[in-house]
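Everything below belongs to target.cif, which stores mmCIF, C-alpha atoms.
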```
data_start
loop_
_atom_site.group_PDB
_atom_site.id
_atom_site.type_symbol
_atom_site.label_atom_id
_atom_site.label_comp_id
_atom_site.auth_asym_id
_atom_site.auth_seq_id
_atom_site.Cartn_x
_atom_site.Cartn_y
_atom_site.Cartn_z
ATOM 1 C CA MET E 1 -11.773 6.847 -14.323
ATOM 2 C CA HIS E 2 -13.670 9.812 -13.022
ATOM 3 C CA ASP E 3 -12.521 13.332 -13.690
ATOM 4 C CA ARG E 4 -10.939 14.890 -10.634
ATOM 5 C CA ARG E 5 -13.930 17.238 -10.292
ATOM 6 C CA SER E 6 -16.437 14.378 -9.962
ATOM 7 C CA THR E 7 -18.350 14.539 -6.698
ATOM 8 C CA ALA E 8 -20.934 12.412 -4.970
ATOM 9 C CA SER E 9 -24.437 13.857 -5.108
ATOM 10 C CA SER E 10 -25.317 12.738 -1.584
ATOM 11 C CA ALA E 11 -23.460 11.983 1.625
ATOM 12 C CA TRP E 12 -21.448 8.756 1.643
ATOM 13 C CA LEU E 13 -22.696 7.590 -1.735
ATOM 14 C CA PRO E 14 -21.660 3.935 -2.227
ATOM 15 C CA GLN E 15 -19.794 3.115 -5.423
ATOM 16 C CA GLY E 16 -19.916 0.427 -8.089
ATOM 17 C CA ARG E 17 -21.559 -2.830 -7.125
ATOM 18 C CA ALA E 18 -21.528 -1.717 -3.514
ATOM 19 C CA ARG E 19 -24.511 0.468 -4.414
ATOM 20 C CA GLU E 20 -26.579 -2.694 -4.096
ATOM 21 C CA GLN E 21 -25.492 -3.260 -0.507
ATOM 22 C CA ASN E 22 -27.493 -1.965 2.433
ATOM 23 C CA SER E 23 -25.127 -1.081 5.241
ATOM 24 C CA SER E 24 -24.730 1.764 7.687
ATOM 25 C CA ARG E 25 -20.953 1.348 7.438
ATOM 26 C CA ARG E 26 -19.003 3.377 4.916
ATOM 27 C CA LEU E 27 -15.322 3.466 4.022
ATOM 28 C CA VAL E 28 -13.118 6.138 2.463
ATOM 29 C CA ALA E 29 -9.936 4.935 0.719
ATOM 30 C CA ILE E 30 -7.137 7.311 -0.301
ATOM 31 C CA VAL E 31 -4.720 5.615 -2.694
ATOM 32 C CA GLY E 32 -1.966 6.392 -5.172
ATOM 33 C CA ALA E 33 1.738 6.130 -5.804
ATOM 34 C CA THR E 34 4.330 6.969 -3.195
ATOM 35 C CA GLY E 35 5.080 10.676 -2.908
ATOM 36 C CA THR E 36 1.728 11.938 -4.203
ATOM 37 C CA GLY E 37 0.417 13.466 -0.969
ATOM 38 C CA LYS E 38 -1.911 10.767 0.376
ATOM 39 C CA THR E 39 -0.895 11.312 3.998
ATOM 40 C CA GLU E 40 -1.438 15.066 3.962
ATOM 41 C CA LEU E 41 -4.825 14.760 2.302
ATOM 42 C CA SER E 42 -5.941 12.084 4.767
ATOM 43 C CA LEU E 43 -4.997 14.306 7.709
ATOM 44 C CA ASP E 44 -6.713 17.353 6.218
ATOM 45 C CA LEU E 45 -9.846 15.360 5.436
ATOM 46 C CA ALA E 46 -10.011 13.725 8.866
ATOM 47 C CA GLU E 47 -9.419 17.079 10.555
ATOM 48 C CA VAL E 48 -12.259 18.824 8.710
ATOM 49 C CA LEU E 49 -14.666 15.934 9.250
ATOM 50 C CA SER E 50 -13.828 15.789 12.955
ATOM 51 C CA ALA E 51 -14.164 19.548 13.345
ATOM 52 C CA SER E 52 -17.652 19.358 11.856
ATOM 53 C CA GLY E 53 -18.772 16.756 14.360
ATOM 54 C CA THR E 54 -18.099 13.594 12.314
ATOM 55 C CA ALA E 55 -15.088 11.898 13.889
ATOM 56 C CA ALA E 56 -12.619 10.282 11.501
ATOM 57 C CA GLU E 57 -9.783 7.824 12.070
ATOM 58 C CA ILE E 58 -7.035 6.601 9.758
ATOM 59 C CA VAL E 59 -6.133 2.985 8.961
ATOM 60 C CA ASN E 60 -2.686 2.373 7.479
ATOM 61 C CA ALA E 61 -2.471 0.450 4.183
ATOM 62 C CA ASP E 62 1.291 0.682 3.654
ATOM 63 C CA ALA E 63 2.782 -2.776 4.179
ATOM 64 C CA MET E 64 6.160 -1.566 5.427
ATOM 65 C CA GLN E 65 4.662 0.888 7.916
ATOM 66 C CA LEU E 66 3.311 -2.119 9.801
ATOM 67 C CA TYR E 67 6.844 -2.664 11.133
ATOM 68 C CA ARG E 68 8.080 -1.172 14.388
ATOM 69 C CA GLY E 69 11.193 0.923 13.942
ATOM 70 C CA MET E 70 10.957 1.215 10.157
ATOM 71 C CA ASP E 71 10.246 4.922 10.134
ATOM 72 C CA ILE E 72 12.652 6.915 7.989
ATOM 73 C CA GLY E 73 12.617 4.614 4.976
ATOM 74 C CA THR E 74 8.820 4.312 4.963
ATOM 75 C CA ALA E 75 8.077 8.023 5.513
ATOM 76 C CA LYS E 76 6.037 7.015 8.547
ATOM 77 C CA LEU E 77 4.321 9.995 10.135
ATOM 78 C CA PRO E 78 5.611 10.615 13.690
ATOM 79 C CA GLU E 79 2.920 10.570 16.346
ATOM 80 C CA SER E 80 3.584 14.240 17.069
ATOM 81 C CA GLU E 81 2.523 15.096 13.493
ATOM 82 C CA ARG E 82 -0.737 13.107 13.434
ATOM 83 C CA ARG E 83 -2.772 16.126 14.626
ATOM 84 C CA GLY E 84 -4.423 14.103 17.366
ATOM 85 C CA ILE E 85 -6.166 11.894 14.795
ATOM 86 C CA PRO E 86 -6.201 8.205 15.796
ATOM 87 C CA HIS E 87 -4.125 5.976 13.510
ATOM 88 C CA HIS E 88 -4.411 2.202 13.285
ATOM 89 C CA LEU E 89 -2.059 -0.581 12.085
ATOM 90 C CA LEU E 90 1.165 1.324 12.455
ATOM 91 C CA ASP E 91 4.035 -0.371 14.329
ATOM 92 C CA VAL E 92 2.249 -3.690 14.854
ATOM 93 C CA LEU E 93 4.921 -6.132 13.609
ATOM 94 C CA ASP E 94 8.464 -6.969 14.658
ATOM 95 C CA VAL E 95 10.977 -6.794 11.829
ATOM 96 C CA THR E 96 11.492 -10.556 12.080
ATOM 97 C CA ALA E 97 7.789 -11.216 11.343
ATOM 98 C CA GLU E 98 6.573 -12.115 7.870
ATOM 99 C CA ALA E 99 3.885 -9.751 6.625
ATOM 100 C CA SER E 100 0.756 -11.520 5.414
ATOM 101 C CA VAL E 101 -1.907 -9.885 3.260
ATOM 102 C CA ALA E 102 -4.499 -12.310 4.632
ATOM 103 C CA ASP E 103 -3.635 -11.354 8.223
ATOM 104 C CA TYR E 104 -3.655 -7.692 7.269
ATOM 105 C CA GLN E 105 -7.111 -8.032 5.725
ATOM 106 C CA THR E 106 -8.457 -9.496 8.982
ATOM 107 C CA ASP E 107 -6.810 -6.829 11.158
ATOM 108 C CA ALA E 108 -7.728 -3.888 8.934
ATOM 109 C CA ARG E 109 -11.345 -4.924 8.631
ATOM 110 C CA ALA E 110 -11.566 -5.389 12.405
ATOM 111 C CA ALA E 111 -10.191 -1.861 12.888
ATOM 112 C CA ILE E 112 -12.631 -0.452 10.330
ATOM 113 C CA ASP E 113 -15.572 -2.223 11.970
ATOM 114 C CA ASP E 114 -14.505 -0.865 15.354
ATOM 115 C CA ILE E 115 -14.178 2.681 14.029
ATOM 116 C CA ALA E 116 -17.573 2.519 12.335
ATOM 117 C CA ALA E 117 -19.187 1.023 15.458
ATOM 118 C CA ARG E 118 -18.124 4.150 17.343
ATOM 119 C CA GLY E 119 -19.801 6.333 14.733
ATOM 120 C CA ALA E 120 -16.545 7.557 13.191
ATOM 121 C CA VAL E 121 -15.464 7.542 9.544
ATOM 122 C CA PRO E 122 -12.695 5.036 8.700
ATOM 123 C CA ILE E 123 -10.165 6.370 6.178
ATOM 124 C CA LEU E 124 -7.941 3.700 4.634
ATOM 125 C CA VAL E 125 -4.692 5.266 3.406
ATOM 126 C CA GLY E 126 -1.785 3.717 1.564
ATOM 127 C CA GLY E 127 -0.105 2.677 -1.641
ATOM 128 C CA SER E 128 0.311 -1.083 -1.156
ATOM 129 C CA GLY E 129 -2.075 -2.169 -3.880
ATOM 130 C CA LEU E 130 -2.841 -5.718 -2.802
ATOM 131 C CA TYR E 131 -3.254 -4.640 0.820
ATOM 132 C CA VAL E 132 -5.763 -1.961 -0.165
ATOM 133 C CA SER E 133 -7.648 -4.300 -2.481
ATOM 134 C CA SER E 134 -7.776 -7.071 0.117
ATOM 135 C CA VAL E 135 -9.770 -4.757 2.371
ATOM 136 C CA VAL E 136 -11.850 -2.809 -0.118
ATOM 137 C CA PHE E 137 -13.029 -5.736 -2.241
ATOM 138 C CA ASP E 138 -14.952 -8.815 -1.161
ATOM 139 C CA PHE E 139 -11.981 -11.073 -1.730
ATOM 140 C CA GLN E 140 -11.276 -14.483 -0.191
ATOM 141 C CA PHE E 141 -7.679 -15.648 -0.106
ATOM 142 C CA PRO E 142 -7.016 -19.097 -1.553
ATOM 143 C CA GLY E 143 -5.407 -21.787 0.555
ATOM 144 C CA THR E 144 -1.871 -23.130 0.406
ATOM 145 C CA ASP E 145 -0.150 -26.449 -0.262
ATOM 146 C CA SER E 146 3.098 -27.146 1.577
ATOM 147 C CA ALA E 147 4.465 -29.468 -1.103
ATOM 148 C CA VAL E 148 3.817 -27.026 -3.951
ATOM 149 C CA ARG E 149 5.206 -24.153 -1.864
ATOM 150 C CA ALA E 150 8.377 -26.105 -0.996
ATOM 151 C CA ARG E 151 8.985 -27.014 -4.633
ATOM 152 C CA LEU E 152 8.565 -23.424 -5.802
ATOM 153 C CA GLU E 153 10.785 -22.098 -3.015
ATOM 154 C CA ALA E 154 13.479 -24.580 -4.056
ATOM 155 C CA GLU E 155 13.149 -23.351 -7.642
ATOM 156 C CA LEU E 156 13.479 -19.783 -6.402
ATOM 157 C CA VAL E 157 16.802 -20.636 -4.759
ATOM 158 C CA GLU E 158 18.043 -22.627 -7.752
ATOM 159 C CA LEU E 159 16.785 -20.463 -10.632
ATOM 160 C CA GLY E 160 16.392 -17.038 -9.068
ATOM 161 C CA PRO E 161 13.404 -14.674 -9.048
ATOM 162 C CA GLY E 162 13.918 -13.624 -12.666
ATOM 163 C CA MET E 163 13.040 -17.066 -13.994
ATOM 164 C CA LEU E 164 9.971 -17.329 -11.757
ATOM 165 C CA HIS E 165 8.880 -13.874 -12.872
ATOM 166 C CA ALA E 166 9.187 -14.890 -16.531
ATOM 167 C CA ARG E 167 7.039 -17.957 -15.843
ATOM 168 C CA LEU E 168 4.428 -15.889 -14.018
ATOM 169 C CA LYS E 169 4.414 -13.336 -16.829
ATOM 170 C CA GLU E 170 3.315 -16.062 -19.236
ATOM 171 C CA ARG E 171 0.556 -17.315 -16.913
ATOM 172 C CA ASP E 172 -0.632 -14.141 -15.191
ATOM 173 C CA PRO E 173 0.848 -10.969 -16.721
ATOM 174 C CA VAL E 174 -1.184 -8.648 -14.467
ATOM 175 C CA ALA E 175 0.226 -10.279 -11.336
ATOM 176 C CA ALA E 176 3.734 -10.316 -12.816
ATOM 177 C CA GLU E 177 3.559 -6.583 -13.515
ATOM 178 C CA ALA E 178 2.227 -5.799 -10.043
ATOM 179 C CA ILE E 179 4.771 -7.944 -8.175
ATOM 180 C CA GLY E 180 7.887 -7.162 -10.185
ATOM 181 C CA ALA E 181 10.889 -9.344 -10.904
ATOM 182 C CA SER E 182 12.670 -9.152 -7.542
ATOM 183 C CA ASN E 183 10.049 -10.124 -4.938
ATOM 184 C CA GLY E 184 10.720 -13.850 -4.756
ATOM 185 C CA ARG E 185 8.318 -14.523 -1.876
ATOM 186 C CA ARG E 186 5.312 -13.055 -3.679
ATOM 187 C CA LEU E 187 6.308 -14.664 -6.974
ATOM 188 C CA VAL E 188 6.268 -18.052 -5.246
ATOM 189 C CA ARG E 189 2.839 -17.330 -3.748
ATOM 190 C CA ALA E 190 1.419 -16.184 -7.081
ATOM 191 C CA LEU E 191 2.625 -19.307 -8.866
ATOM 192 C CA GLU E 192 1.346 -21.481 -6.014
ATOM 193 C CA VAL E 193 -2.137 -19.949 -6.220
ATOM 194 C CA GLY E 194 -2.135 -20.405 -9.977
ATOM 195 C CA GLU E 195 -1.285 -24.095 -9.667
ATOM 196 C CA LEU E 196 -3.852 -24.727 -6.936
ATOM 197 C CA THR E 197 -6.770 -22.791 -8.372
ATOM 198 C CA GLY E 198 -6.113 -22.393 -12.077
ATOM 199 C CA ALA E 199 -7.078 -18.760 -11.563
ATOM 200 C CA PRO E 200 -4.992 -15.564 -11.443
ATOM 201 C CA PHE E 201 -3.302 -14.562 -8.225
ATOM 202 C CA GLY E 202 -4.909 -11.977 -5.949
ATOM 203 C CA SER E 203 -2.820 -9.324 -7.675
ATOM 204 C CA GLY E 204 -5.171 -9.793 -10.595
ATOM 205 C CA LEU E 205 -8.222 -8.678 -8.635
ATOM 206 C CA PRO E 206 -10.778 -7.584 -11.226
ATOM 207 C CA ALA E 207 -11.321 -3.839 -11.265
ATOM 208 C CA GLU E 208 -15.072 -4.251 -10.839
ATOM 209 C CA SER E 209 -15.004 -6.755 -7.966
ATOM 210 C CA ARG E 210 -17.806 -6.539 -5.465
ATOM 211 C CA TYR E 211 -16.996 -4.201 -2.594
ATOM 212 C CA TRP E 212 -16.729 -5.415 0.987
ATOM 213 C CA LEU E 213 -18.348 -2.174 2.147
ATOM 214 C CA PRO E 214 -19.710 0.798 0.200
ATOM 215 C CA THR E 215 -16.496 2.657 -0.534
ATOM 216 C CA VAL E 216 -15.504 6.106 -1.733
ATOM 217 C CA THR E 217 -12.066 5.885 -3.363
ATOM 218 C CA ILE E 218 -9.907 8.960 -3.900
ATOM 219 C CA GLY E 219 -6.705 8.617 -5.909
ATOM 220 C CA MET E 220 -3.830 11.068 -5.619
ATOM 221 C CA ARG E 221 -1.670 11.560 -8.693
ATOM 222 C CA THR E 222 1.322 13.656 -9.678
ATOM 223 C CA ALA E 223 2.643 14.313 -13.182
ATOM 224 C CA ARG E 224 5.642 12.093 -13.881
ATOM 225 C CA GLU E 225 7.914 15.055 -14.603
ATOM 226 C CA ASP E 226 7.172 16.319 -11.098
ATOM 227 C CA LEU E 227 7.032 12.975 -9.305
ATOM 228 C CA VAL E 228 10.399 11.586 -10.415
ATOM 229 C CA PRO E 229 12.534 14.408 -8.949
ATOM 230 C CA ARG E 230 10.349 14.354 -5.818
ATOM 231 C CA LEU E 231 11.023 10.652 -5.340
ATOM 232 C CA ASN E 232 14.735 11.068 -5.976
ATOM 233 C CA GLU E 233 14.880 13.834 -3.389
ATOM 234 C CA ARG E 234 12.913 11.716 -0.903
ATOM 235 C CA VAL E 235 15.491 8.927 -1.218
ATOM 236 C CA ARG E 236 18.408 11.311 -0.730
ATOM 237 C CA ALA E 237 16.641 12.711 2.337
ATOM 238 C CA MET E 238 16.302 9.197 3.778
ATOM 239 C CA TRP E 239 20.084 8.888 3.910
ATOM 240 C CA LEU E 240 20.564 12.432 5.206
ATOM 241 C CA ASN E 241 17.992 11.814 7.935
ATOM 242 C CA GLY E 242 19.757 8.713 9.218
ATOM 243 C CA LEU E 243 18.357 5.663 7.441
ATOM 244 C CA VAL E 244 21.637 3.769 7.801
ATOM 245 C CA ASP E 245 21.700 4.447 11.545
ATOM 246 C CA GLU E 246 18.078 3.326 11.767
ATOM 247 C CA VAL E 247 18.976 0.080 10.018
ATOM 248 C CA CYS E 248 21.931 -0.418 12.370
ATOM 249 C CA GLY E 249 19.471 -0.323 15.251
ATOM 250 C CA LEU E 250 17.114 -2.671 13.446
ATOM 251 C CA LYS E 251 19.914 -5.194 12.907
ATOM 252 C CA VAL E 252 19.972 -5.659 16.672
ATOM 253 C CA ARG E 253 16.268 -6.523 16.436
ATOM 254 C CA GLY E 254 16.945 -9.029 13.650
ATOM 255 C CA ILE E 255 15.941 -7.223 10.448
ATOM 256 C CA ASP E 256 18.555 -9.138 8.479
ATOM 257 C CA ARG E 257 16.655 -12.321 9.424
ATOM 258 C CA GLY E 258 13.271 -10.864 8.492
ATOM 259 C CA VAL E 259 11.552 -12.444 5.500
ATOM 260 C CA THR E 260 9.708 -9.276 4.482
ATOM 261 C CA ALA E 261 11.316 -6.337 6.258
ATOM 262 C CA ARG E 262 14.875 -6.904 5.044
ATOM 263 C CA ARG E 263 13.674 -6.780 1.427
ATOM 264 C CA ALA E 264 11.944 -3.401 1.766
ATOM 265 C CA ILE E 265 13.130 -0.775 -0.693
ATOM 266 C CA GLY E 266 15.805 1.313 0.977
ATOM 267 C CA TYR E 267 16.321 -1.105 3.850
ATOM 268 C CA ALA E 268 17.786 -3.813 1.618
ATOM 269 C CA GLN E 269 20.176 -1.255 0.133
ATOM 270 C CA ALA E 270 21.137 0.145 3.548
ATOM 271 C CA LEU E 271 21.871 -3.399 4.722
ATOM 272 C CA GLY E 272 24.019 -3.862 1.625
ATOM 273 C CA GLN E 273 25.905 -0.679 2.447
ATOM 274 C CA LEU E 274 26.498 -1.800 6.027
ATOM 275 C CA ALA E 275 27.758 -5.156 4.761
ATOM 276 C CA GLY E 276 30.222 -3.411 2.426
ATOM 277 C CA GLU E 277 28.447 -4.729 -0.658
ATOM 278 C CA LEU E 278 27.321 -1.277 -1.831
ATOM 279 C CA SER E 279 28.810 2.182 -1.602
ATOM 280 C CA GLU E 280 26.528 4.886 -0.246
ATOM 281 C CA ALA E 281 26.139 6.347 -3.739
ATOM 282 C CA ASP E 282 25.239 2.954 -5.192
ATOM 283 C CA ALA E 283 22.774 2.279 -2.381
ATOM 284 C CA ILE E 284 21.044 5.602 -3.018
ATOM 285 C CA ASP E 285 20.992 5.106 -6.785
ATOM 286 C CA SER E 286 19.574 1.587 -6.450
ATOM 287 C CA THR E 287 16.910 2.747 -4.003
ATOM 288 C CA SER E 288 15.916 5.614 -6.284
ATOM 289 C CA ALA E 289 15.572 3.328 -9.306
ATOM 290 C CA LEU E 290 13.509 0.773 -7.371
ATOM 291 C CA THR E 291 11.310 3.504 -5.905
ATOM 292 C CA ARG E 292 10.563 4.915 -9.366
ATOM 293 C CA ARG E 293 9.767 1.416 -10.646
ATOM 294 C CA TYR E 294 7.510 0.739 -7.666
ATOM 295 C CA ALA E 295 5.670 4.016 -8.242
ATOM 296 C CA ARG E 296 4.975 2.997 -11.846
ATOM 297 C CA ARG E 297 3.500 -0.304 -10.653
ATOM 298 C CA GLN E 298 1.342 1.541 -8.127
ATOM 299 C CA VAL E 299 -0.007 3.829 -10.841
ATOM 300 C CA SER E 300 -0.877 0.819 -13.005
ATOM 301 C CA TRP E 301 -2.540 -1.001 -10.136
ATOM 302 C CA PHE E 302 -4.810 1.769 -8.950
ATOM 303 C CA ALA E 303 -5.682 2.885 -12.482
ATOM 304 C CA ARG E 304 -7.677 -0.343 -12.914
ATOM 305 C CA ASN E 305 -10.435 0.766 -10.528
ATOM 306 C CA SER E 306 -12.902 2.784 -12.591
ATOM 307 C CA ASP E 307 -14.658 4.045 -9.447
ATOM 308 C CA THR E 308 -11.665 6.069 -8.284
ATOM 309 C CA THR E 309 -11.916 9.851 -8.342
ATOM 310 C CA TRP E 310 -8.474 11.231 -9.182
ATOM 311 C CA ILE E 311 -7.099 14.469 -7.749
ATOM 312 C CA ASP E 312 -3.873 16.138 -8.842
ATOM 313 C CA SER E 313 -1.537 16.680 -5.915
ATOM 314 C CA SER E 314 -0.773 20.174 -7.233
ATOM 315 C CA ASP E 315 -4.452 21.204 -7.197
ATOM 316 C CA SER E 316 -4.999 23.907 -4.600
ATOM 317 C CA ASP E 317 -8.618 22.749 -4.300
ATOM 318 C CA ARG E 318 -7.719 19.131 -3.544
ATOM 319 C CA LEU E 319 -9.271 19.149 -0.062
ATOM 320 C CA ALA E 320 -12.491 20.749 -1.308
ATOM 321 C CA ILE E 321 -12.666 18.162 -4.070
ATOM 322 C CA ALA E 322 -12.138 15.344 -1.599
ATOM 323 C CA LEU E 323 -14.815 16.723 0.705
ATOM 324 C CA GLY E 324 -17.186 16.842 -2.241
ATOM 325 C CA VAL E 325 -16.430 13.244 -3.115
ATOM 326 C CA VAL E 326 -17.325 12.059 0.373
ATOM 327 C CA GLY E 327 -20.462 14.196 0.344
ATOM 328 C CA HIS E 328 -19.412 16.700 3.019
ATOM 329 C CA ASP E 329 -20.894 20.182 2.681
#
```

Could the structure of this file be written out as structure tokens, please?
Amino acid sequence: MHDRRSTASSAWLPQGRAREQNSSRRLVAIVGATGTGKTELSLDLAEVLSASGTAAEIVNADAMQLYRGMDIGTAKLPESERRGIPHHLLDVLDVTAEASVADYQTDARAAIDDIAARGAVPILVGGSGLYVSSVVFDFQFPGTDSAVRARLEAELVELGPGMLHARLKERDPVAAEAIGASNGRRLVRALEVGELTGAPFGSGLPAESRYWLPTVTIGMRTAREDLVPRLNERVRAMWLNGLVDEVCGLKVRGIDRGVTARRAIGYAQALGQLAGELSEADAIDSTSALTRRYARRQVSWFARNSDTTWIDSSDSDRLAIALGVVGHD
């Protein structure tokens, strides 16, 4: 990984194997764990670029921010706080829809192509590792087999996600670490891909995969001793700011029938609280623990890309460093 002071020596310098590509399109990706300041940096960067005559637009790469109405629990930036900077792929799914990385890849790349065609800089921002990688890297999603999928889904119901996670850990430890032991839907997909292809799941994207476009990747990081209390406070604030009321409203829209949305960290616990299965204190504690675990997986995921330039969230020069990375004087 690059030192946080690393900068590109010329404007929009392509990275890694993307250096071999000849394309007028360029992409900036801002990644990192939840709570590390990705959103603020993306806004600051887009604002400075736009003020200098190079328009910039932001493309969301947070899977849960795709959902309409899931605002408080995803720390979604209200439109009034977006500083007039265009944002893409926010609020595009109903809570009953199943999120698909393959669909996201298609939609995100279309948005990026459209932004670039207008002469603006696309800035991909988010912490959903597979979603980011699906766009940044030249990755083709494997197919599916209904019989294999049905068998694995039946095993998920019968054995539980823990058993499927243990099986995946033996076959594809990188994917198992990235997915975690509770996401049954993605565990099924990972095992399905393994059976069909004999190769690791997409979660095991090699760190040096060929880029889809020349890409400048900036990673935001925060020391663990600072990040943990920040995440705990963020979760407490979710409840104070009305997450349970938000989920009540989303129940009318069918979130408890949603394959993906109802399992989102915070939303699953709020649903449990509304159902009387969890006390408020237990819901908050569970959400905090899952958020910390998710942040650790995010750190591990993004650390694999050796082209990333890392910036400490506490660095007062973080915007200047980012501008240097993208080659802006």

Q.
Here's the selection I'm unsure about, the PyMOL selection byres ((chain E and resi 265) around 8); applied to the file above, which residues does it give, as a list in words?
A. Gly73, Arg263, Ala264, Gly266, Tyr267, Ala268, Gln269, Thr287, Leu290 and Thr291 of chain E

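Excluding segment 297-301 of chain E and any residue on its chain fewer than 3 positions from it, the residues at most 7 Å away by all atoms listed in the file are E:Gly32, E:Ala33, E:Gly127, E:Gly129, E:Glu177, E:Ala178, E:Arg293, E:Tyr294, E:Arg304.
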
Q. Selected by the PyMOL selection byres ((chain E and resi 221) around 8) in the shown coordinates: which residues, as a list in words?
A.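 What the PyMOL selection byres ((chain E and resi 221) around 8) grabs from the file is Gly32, Ala33, Thr36, Gly219, Met220, Thr222, Ala223, Trp310, Ile311, Asp312 and Ser313 of chain E.
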
In file coordinates, which residues lie within 10 Å of (-0.2, 1.3, 6.1) using only C-alpha atoms, given as a short mmCIF file (atom, residue, chain, number, x, y, z; two decimals) with C-alpha atoms, in the coordinates of the input?
```cif
data_model
loop_
_atom_site.label_atom_id
_atom_site.label_comp_id
_atom_site.auth_asym_id
_atom_site.auth_seq_id
_atom_site.Cartn_x
_atom_site.Cartn_y
_atom_site.Cartn_z
CA ILE E 58 -7.04 6.60 9.76
CA VAL E 59 -6.13 2.98 8.96
CA ASN E 60 -2.69 2.37 7.48
CA ALA E 61 -2.47 0.45 4.18
CA ASP E 62 1.29 0.68 3.65
CA ALA E 63 2.78 -2.78 4.18
CA MET E 64 6.16 -1.57 5.43
CA GLN E 65 4.66 0.89 7.92
CA LEU E 66 3.31 -2.12 9.80
CA TYR E 67 6.84 -2.66 11.13
CA THR E 74 8.82 4.31 4.96
CA LYS E 76 6.04 7.02 8.55
CA HIS E 87 -4.12 5.98 13.51
CA HIS E 88 -4.41 2.20 13.28
CA LEU E 89 -2.06 -0.58 12.08
CA LEU E 90 1.16 1.32 12.46
CA ASP E 91 4.04 -0.37 14.33
CA TYR E 104 -3.66 -7.69 7.27
CA ALA E 108 -7.73 -3.89 8.93
CA LEU E 124 -7.94 3.70 4.63
CA VAL E 125 -4.69 5.27 3.41
CA GLY E 126 -1.78 3.72 1.56
CA GLY E 127 -0.10 2.68 -1.64
CA SER E 128 0.31 -1.08 -1.16
CA TYR E 131 -3.25 -4.64 0.82
CA VAL E 132 -5.76 -1.96 -0.16
#
```

Q.
Nearest residue to Arg292 of chain E out of E:Asn232, E:Ser52, E:Thr39, E:Thr260, using all atoms listed in the file?
A.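 The answer is E:Asn232, which sits nearest to Arg292 of chain E.
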
Q: Take the point (16.1, -4.9, 18.2) in the file's coordinates, draw a sphere of radius 12 Å around it, and report as a list in words every protein, DNA or RNA residue with an atom inside or on it, counting only C-alpha atoms.
A: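 Here is the list of nearby residues: Tyr67, Arg68, Gly69, Met70, Asp94, Val95, Thr96, Glu246, Val247, Cys248, Gly249, Leu250, Lys251, Val252, Arg253, Gly254, Ile255, Asp256, Arg257 and Gly258 of chain E.
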
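Counting from atom CA of Lys169 of chain E, the distance to atom CA of Arg149 of chain E is 18.5 Å.
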
Q) With only C-alpha atoms as the atoms that count, which of E:Ile218, E:Leu130, E:Glu155, E:Arg82 lies nearest to Leu319 of chain E? A) E:Ile218
